[in-house]
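Okay, upload-v5.cif is below, mmCIF, C-alpha atoms:
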data_target
loop_
_atom_site.label_atom_id
_atom_site.label_comp_id
_atom_site.auth_asym_id
_atom_site.auth_seq_id
_atom_site.Cartn_x
_atom_site.Cartn_y
_atom_site.Cartn_z
CA CYS Z 1 113.64 -61.97 208.27
CA GLY Z 2 110.11 -61.09 207.17
CA LEU Z 3 106.98 -62.62 208.67
CA LEU Z 4 107.67 -65.77 210.65
CA ARG Z 5 105.76 -69.04 210.24
CA CYS Z 6 107.65 -71.45 212.53
CA VAL Z 7 110.75 -71.69 214.70
CA SER Z 8 112.89 -74.63 215.77
CA PRO Z 9 115.82 -74.47 218.20
CA SER Z 10 118.75 -76.78 217.45
CA PRO Z 11 119.18 -79.66 219.93
CA SER Z 12 121.95 -77.74 221.73
CA SER Z 13 120.00 -74.46 221.51
CA GLN Z 14 123.06 -72.82 219.94
CA PHE Z 15 121.07 -72.06 216.79
CA PHE Z 16 117.52 -71.30 215.73
CA ALA Z 17 115.97 -72.17 212.38
CA ILE Z 18 113.12 -69.85 211.46
CA GLY Z 19 110.69 -70.59 208.65
CA GLY Z 20 109.20 -67.56 206.94
CA LEU Z 21 105.87 -66.99 205.27
CA ASP Z 22 107.92 -65.90 202.25
CA GLY Z 23 109.45 -69.41 201.99
CA SER Z 24 112.86 -68.56 203.42
CA LEU Z 25 114.75 -70.48 206.09
CA ASN Z 26 116.69 -68.15 208.37
CA LEU Z 27 119.42 -69.39 210.70
CA LEU Z 28 120.21 -67.41 213.84
CA GLY Z 29 123.12 -67.83 216.23
CA GLY Z 30 121.60 -68.60 219.62
CA ALA Z 31 124.09 -66.71 221.78
CA ASN Z 32 123.95 -63.38 219.94
CA MET Z 33 120.69 -63.85 218.00
CA LYS Z 34 122.41 -62.62 214.81
CA LEU Z 35 121.24 -63.74 211.40
CA MET Z 36 123.83 -66.21 210.07
CA THR Z 37 122.25 -66.91 206.69
CA CYS Z 38 118.99 -66.94 204.78
CA LEU Z 39 118.36 -70.05 202.66
CA LYS Z 40 115.86 -69.88 199.78
CA HIS Z 41 113.90 -72.83 198.48
CA ASP Z 42 114.96 -72.34 194.87
CA LEU Z 43 116.56 -75.42 193.31
CA LYS Z 44 118.20 -73.59 190.42
CA ALA Z 45 119.86 -71.07 192.76
CA ALA Z 46 120.94 -73.85 195.17
CA CYS Z 47 122.56 -75.75 192.28
CA ALA Z 48 124.40 -72.63 191.14
CA GLU Z 49 125.69 -72.04 194.66
CA ALA Z 50 126.62 -75.58 195.76
CA GLY Z 51 127.28 -77.21 192.41
CA GLU Z 52 124.74 -79.38 190.65
CA THR Z 53 126.61 -82.62 191.39
CA GLU Z 54 126.62 -81.90 195.14
CA ILE Z 55 122.81 -81.93 195.42
CA GLU Z 56 120.86 -85.18 195.40
CA VAL Z 57 117.44 -84.82 193.82
CA LEU Z 58 115.48 -88.00 194.50
CA ARG Z 59 112.00 -88.81 193.24
CA GLU Z 60 109.68 -91.48 194.58
CA GLU Z 61 109.23 -94.18 191.91
CA PHE Z 62 107.43 -97.50 191.64
CA SER Z 63 109.91 -100.37 191.74
CA GLY Z 64 107.65 -103.39 191.40
CA GLY Z 65 105.79 -104.95 194.28
CA SER Z 66 102.20 -106.13 194.38
CA HIS Z 67 98.95 -104.19 194.17
CA THR Z 68 98.41 -104.41 197.91
CA VAL Z 69 101.99 -103.48 198.84
CA PRO Z 70 103.44 -101.25 196.15
CA GLY Z 71 107.21 -101.16 195.87
CA LEU Z 72 108.31 -97.54 196.09
CA SER Z 73 111.84 -96.24 196.28
CA TYR Z 74 113.85 -93.15 195.43
CA THR Z 75 115.43 -92.65 192.02
CA ARG Z 76 118.19 -90.08 191.61
CA LEU Z 77 117.41 -87.50 188.93
CA ALA Z 78 120.08 -86.04 186.67
CA ASN Z 79 120.41 -82.34 185.76
CA ALA Z 80 119.17 -81.07 189.12
CA ALA Z 81 119.13 -77.42 188.03
CA SER Z 82 116.57 -78.16 185.31
CA ILE Z 83 114.08 -80.02 187.55
CA LYS Z 84 110.81 -78.25 188.29
CA VAL Z 85 109.68 -78.71 191.88
CA PRO Z 86 105.88 -79.26 191.94
CA GLU Z 87 104.12 -76.30 193.53
CA GLU Z 88 100.65 -76.09 194.97
CA ARG Z 89 98.47 -73.45 193.35
CA LEU Z 90 97.75 -70.61 195.69
CA ALA Z 91 94.14 -69.82 196.41
CA PRO Z 92 93.10 -66.15 196.59
CA GLU Z 93 92.91 -66.62 200.36
CA PRO Z 94 95.44 -69.15 201.70
CA ALA Z 95 94.24 -71.85 204.07
CA VAL Z 96 94.95 -71.15 207.73
CA ASP Z 97 96.11 -73.34 210.62
CA ASN Z 98 94.07 -73.81 213.79
CA ASP Z 99 95.76 -70.75 215.25
CA GLY Z 100 94.90 -68.56 212.24
CA VAL Z 101 98.39 -68.50 210.66
CA PRO Z 102 98.31 -68.77 206.85
CA ARG Z 103 99.45 -72.17 205.61
CA GLN Z 104 102.14 -70.88 203.27
CA GLY Z 105 105.92 -70.65 203.28
CA VAL Z 106 108.05 -72.89 205.49
CA GLY Z 107 105.70 -74.88 207.71
CA VAL Z 108 107.98 -77.62 209.10
CA VAL Z 109 111.62 -77.29 210.22
CA LEU Z 110 113.35 -80.25 211.87
CA TRP Z 111 116.98 -80.44 213.04
CA SER Z 112 118.94 -83.69 212.93
CA PRO Z 113 120.08 -84.69 216.44
CA ASP Z 114 123.72 -83.78 215.67
CA GLU Z 115 122.72 -80.40 214.13
CA ARG Z 116 124.33 -81.32 210.79
CA TYR Z 117 121.10 -81.24 208.76
CA ILE Z 118 117.78 -79.44 208.72
CA ALA Z 119 114.78 -81.03 206.99
CA VAL Z 120 112.18 -78.56 205.71
CA ARG Z 121 108.71 -78.83 204.23
CA HIS Z 122 107.58 -75.73 202.35
CA ASP Z 123 103.78 -75.53 202.33
CA GLY Z 124 103.80 -74.20 198.75
CA MET Z 125 105.63 -77.39 197.69
CA PRO Z 126 103.99 -79.99 199.96
CA THR Z 127 105.32 -83.03 198.08
CA ALA Z 128 108.96 -81.99 198.58
CA VAL Z 129 111.36 -82.20 201.51
CA TRP Z 130 114.45 -79.98 201.38
CA ILE Z 131 117.47 -81.18 203.36
CA TRP Z 132 120.05 -78.49 204.15
CA ASP Z 133 123.61 -79.27 205.25
CA ILE Z 134 124.44 -76.80 208.01
CA GLY Z 135 128.18 -77.49 207.75
CA THR Z 136 128.24 -76.10 204.20
CA LEU Z 137 125.08 -73.93 204.43
CA ALA Z 138 123.95 -75.54 201.18
CA LEU Z 139 121.18 -77.80 199.94
CA ARG Z 140 122.20 -81.46 200.35
CA ALA Z 141 119.12 -83.25 199.03
CA LEU Z 142 115.64 -82.67 197.68
CA LEU Z 143 113.12 -85.50 198.07
CA LEU Z 144 110.13 -85.42 195.70
CA HIS Z 145 106.99 -87.47 196.41
CA ARG Z 146 103.73 -88.31 194.64
CA SER Z 147 101.57 -87.03 197.48
CA PRO Z 148 102.00 -84.40 200.22
CA VAL Z 149 104.46 -85.16 203.01
CA ARG Z 150 102.60 -85.54 206.29
CA SER Z 151 105.36 -85.97 208.85
CA LEU Z 152 109.14 -86.13 209.32
CA ALA Z 153 111.36 -87.55 212.06
CA TRP Z 154 115.12 -87.96 212.46
CA ASP Z 155 116.59 -91.17 213.88
CA THR Z 156 117.94 -90.01 217.24
CA THR Z 157 120.63 -92.72 217.37
CA ALA Z 158 122.35 -91.91 214.05
CA LYS Z 159 124.70 -88.96 213.60
CA GLY Z 160 126.69 -87.21 210.85
CA GLU Z 161 126.84 -89.12 207.58
CA ALA Z 162 124.87 -91.91 209.27
CA SER Z 163 121.93 -89.55 209.92
CA ARG Z 164 118.61 -90.96 208.83
CA LEU Z 165 115.33 -89.17 208.15
CA ALA Z 166 112.00 -91.00 208.13
CA LEU Z 167 109.00 -89.47 206.39
CA SER Z 168 105.43 -90.35 205.64
CA THR Z 169 103.04 -89.28 202.93
CA ALA Z 170 99.45 -90.23 202.16
CA ASP Z 171 100.78 -93.60 200.92
CA PRO Z 172 100.96 -96.48 203.44
CA ILE Z 173 104.76 -96.56 203.23
CA LEU Z 174 107.53 -95.11 205.38
CA PHE Z 175 110.34 -93.49 203.38
CA PHE Z 176 113.93 -93.09 204.57
CA TRP Z 177 116.76 -90.81 203.48
CA SER Z 178 120.38 -90.95 204.57
CA PRO Z 179 123.47 -89.24 203.14
CA LEU Z 180 125.11 -92.68 203.04
CA GLU Z 181 122.52 -94.15 200.64
CA LYS Z 182 123.50 -93.07 197.15
#

Turn this file's structure into structure tokens for me.
Amino acid sequence: CGLLRCVSPSPSSQFFAIGGLDGSLNLLGGANMKLMTCLKHDLKAACAEAGETEIEVLREEFSGGSHTVPGLSYTRLANAASIKVPEERLAPEPAVDNDGVPRQGVGVVLWSPDERYIAVRHDGMPTAVWIWDIGTLALRALLLHRSPVRSLAWDTTAKGEASRLALSTADPILFFWSPLEK
């Protein structure tokens, strides 16, 4: 597994998602604590594994609105395998959290209430949210933003294909993603 950055038990505690300093997302079976899979945050590799048409790559775009309330929405990008995910340049000494852990690799892991999806923010790619489908163990969506993602939360009332993720960035707008919205 490498050096660990964060851990998140699934809502049923049957699984654990572990974010690594190396940028990997490791899934463990809760009962036997065996490694089930290791997911890498590499869009080209994810497209080769799942099929480019199976992965939604969405980018935040202006869609009108006024100067005080900009209209922002997601636009689906074609040719997912060729898209470059914006990365933050690494300083010689990475920034550290309050507890002294380097701010690199997978910093946020959040399970959907029905355990179908895991939303991940990789600190080396702070403007992106990776959404993994646990049923297929493949990338389902990649959300690209103009500014770093600050927080994520799943709607606790929606399940399966009706799951809904809310996220905020430095912009004064709340973004939503759902597998139903294509």

Could you spell out the hits of the PyMOL selection byres ((chain Z and resi 58) around 7) on the shown file, as a compact mmCIF listing (two decimals) with C-alpha atoms, in the frame of the given file?
# COMPACT_ATOMS: atom_id res chain seq x y z
CA GLU Z 56 120.86 -85.18 195.40
CA VAL Z 57 117.44 -84.82 193.82
CA ARG Z 59 112.00 -88.81 193.24
CA GLU Z 60 109.68 -91.48 194.58
CA TYR Z 74 113.85 -93.15 195.43
CA THR Z 75 115.43 -92.65 192.02
CA ARG Z 76 118.19 -90.08 191.61
CA LEU Z 77 117.41 -87.50 188.93
CA LEU Z 142 115.64 -82.67 197.68
CA LEU Z 143 113.12 -85.50 198.07
CA LEU Z 144 110.13 -85.42 195.70

Residues selected by the PyMOL selection byres ((chain Z and resi 43) around 9), written as a list in words
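For this structure, the PyMOL selection byres ((chain Z and resi 43) around 9) resolves to Lys40, His41, Asp42, Lys44, Ala45, Ala46, Cys47, Ala48, Ala80, Ala81, Ser82, Ile83, Lys84, Val85, Leu139 and Leu142 of chain Z.
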
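Counting only C-alpha atoms and comparing Z:Ala78, Z:Leu27, Z:Ala119, Z:Leu110, the residue that lies closest to Arg140 of chain Z is Z:Ala119.
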
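Between atom CA of Asp133 of chain Z and atom CA of Glu52 of chain Z the separation is 14.6 Å.
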
Selected residue, from Z:Leu3, Z:Val96, Z:Val106, Z:Ala141, that lies nearest to Ala17 of chain Z when counting all atoms listed in the file
Z:Val106

What does the distance from atom CA of Gly20 of chain Z to atom CA of Arg5 of chain Z come to in Å, to one decimal?
5.0 Å

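Each of Z:Gly107, Z:Pro148, Z:Pro9, Z:Gly135 was compared to Ala31 of chain Z using all atoms listed in the file, and Z:Pro9 turns out to be the nearest.
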
Ground truth for the PyMOL selection byres ((chain Z and resi 154-171) around 9), written as a list of chain:residue names:
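The output of the PyMOL selection byres ((chain Z and resi 154-171) around 9) on this file is Z:Leu110, Z:Trp111, Z:Ser112, Z:Pro113, Z:Asp114, Z:Glu115, Z:Arg116, Z:Tyr117, Z:Ala119, Z:Thr127, Z:His145, Z:Arg146, Z:Ser147, Z:Pro148, Z:Val149, Z:Arg150, Z:Ser151, Z:Leu152, Z:Ala153, Z:Pro172, Z:Ile173, Z:Leu174, Z:Phe175, Z:Phe176, Z:Trp177, Z:Ser178, Z:Pro179, Z:Leu180.
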
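When atom CA of Glu181 of chain Z is paired with atom CA of Thr53 of chain Z, their separation reads 15.3 Å.
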
Contacts of Leu39 of chain Z at 10 Å (all atoms listed in the file; same-chain gap of 4+ positions) as a PyMOL selection string:
chain Z and resi 19+23-27+46+132+137-139

May I have the selected residues written with C-alpha atoms, as a PDB file, keeping the file's coordinate frame?
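Printed below is again-v2.pdb as written:
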ATOM      1  CA  GLY Z  19     110.690 -70.590 208.650  1.00  0.00           C
ATOM      2  CA  GLY Z  23     109.450 -69.410 201.990  1.00  0.00           C
ATOM      3  CA  SER Z  24     112.860 -68.560 203.420  1.00  0.00           C
ATOM      4  CA  LEU Z  25     114.750 -70.480 206.090  1.00  0.00           C
ATOM      5  CA  ASN Z  26     116.690 -68.150 208.370  1.00  0.00           C
ATOM      6  CA  LEU Z  27     119.420 -69.390 210.700  1.00  0.00           C
ATOM      7  CA  ALA Z  46     120.940 -73.850 195.170  1.00  0.00           C
ATOM      8  CA  TRP Z 132     120.050 -78.490 204.150  1.00  0.00           C
ATOM      9  CA  LEU Z 137     125.080 -73.930 204.430  1.00  0.00           C
ATOM     10  CA  ALA Z 138     123.950 -75.540 201.180  1.00  0.00           C
ATOM     11  CA  LEU Z 139     121.180 -77.800 199.940  1.00  0.00           C
TER      12      LEU Z 139
END

Would you compute, for all listed atoms of segment 159-171 of chain Z, the axis-aligned bounding box grown by 8 Å on each side, and then report its centre and edge lengths in Å rounded to one decimal, as lines of an AutoDock Vina configuration file?
center_x = 113.1
center_y = -90.4
center_z = 207.3
size_x = 43.4
size_y = 22.4
size_z = 28.7

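When only C-alpha atoms are used to measure the gap to Glu87 of chain Z, the shortest distance among Z:Met33, Z:Gly51, Z:Glu61, Z:Gly124 belongs to Z:Gly124.
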
Between Z:Glu49, Z:Glu54, Z:Gln104, Z:Cys6, which is the closest to Asp22 of chain Z once you count all atoms listed in the file?
Z:Gln104

Tell me which of Z:Phe62, Z:Arg103, Z:Ala50, Z:Leu35 sits closest to Leu21 of chain Z, counting only C-alpha atoms.
Z:Arg103
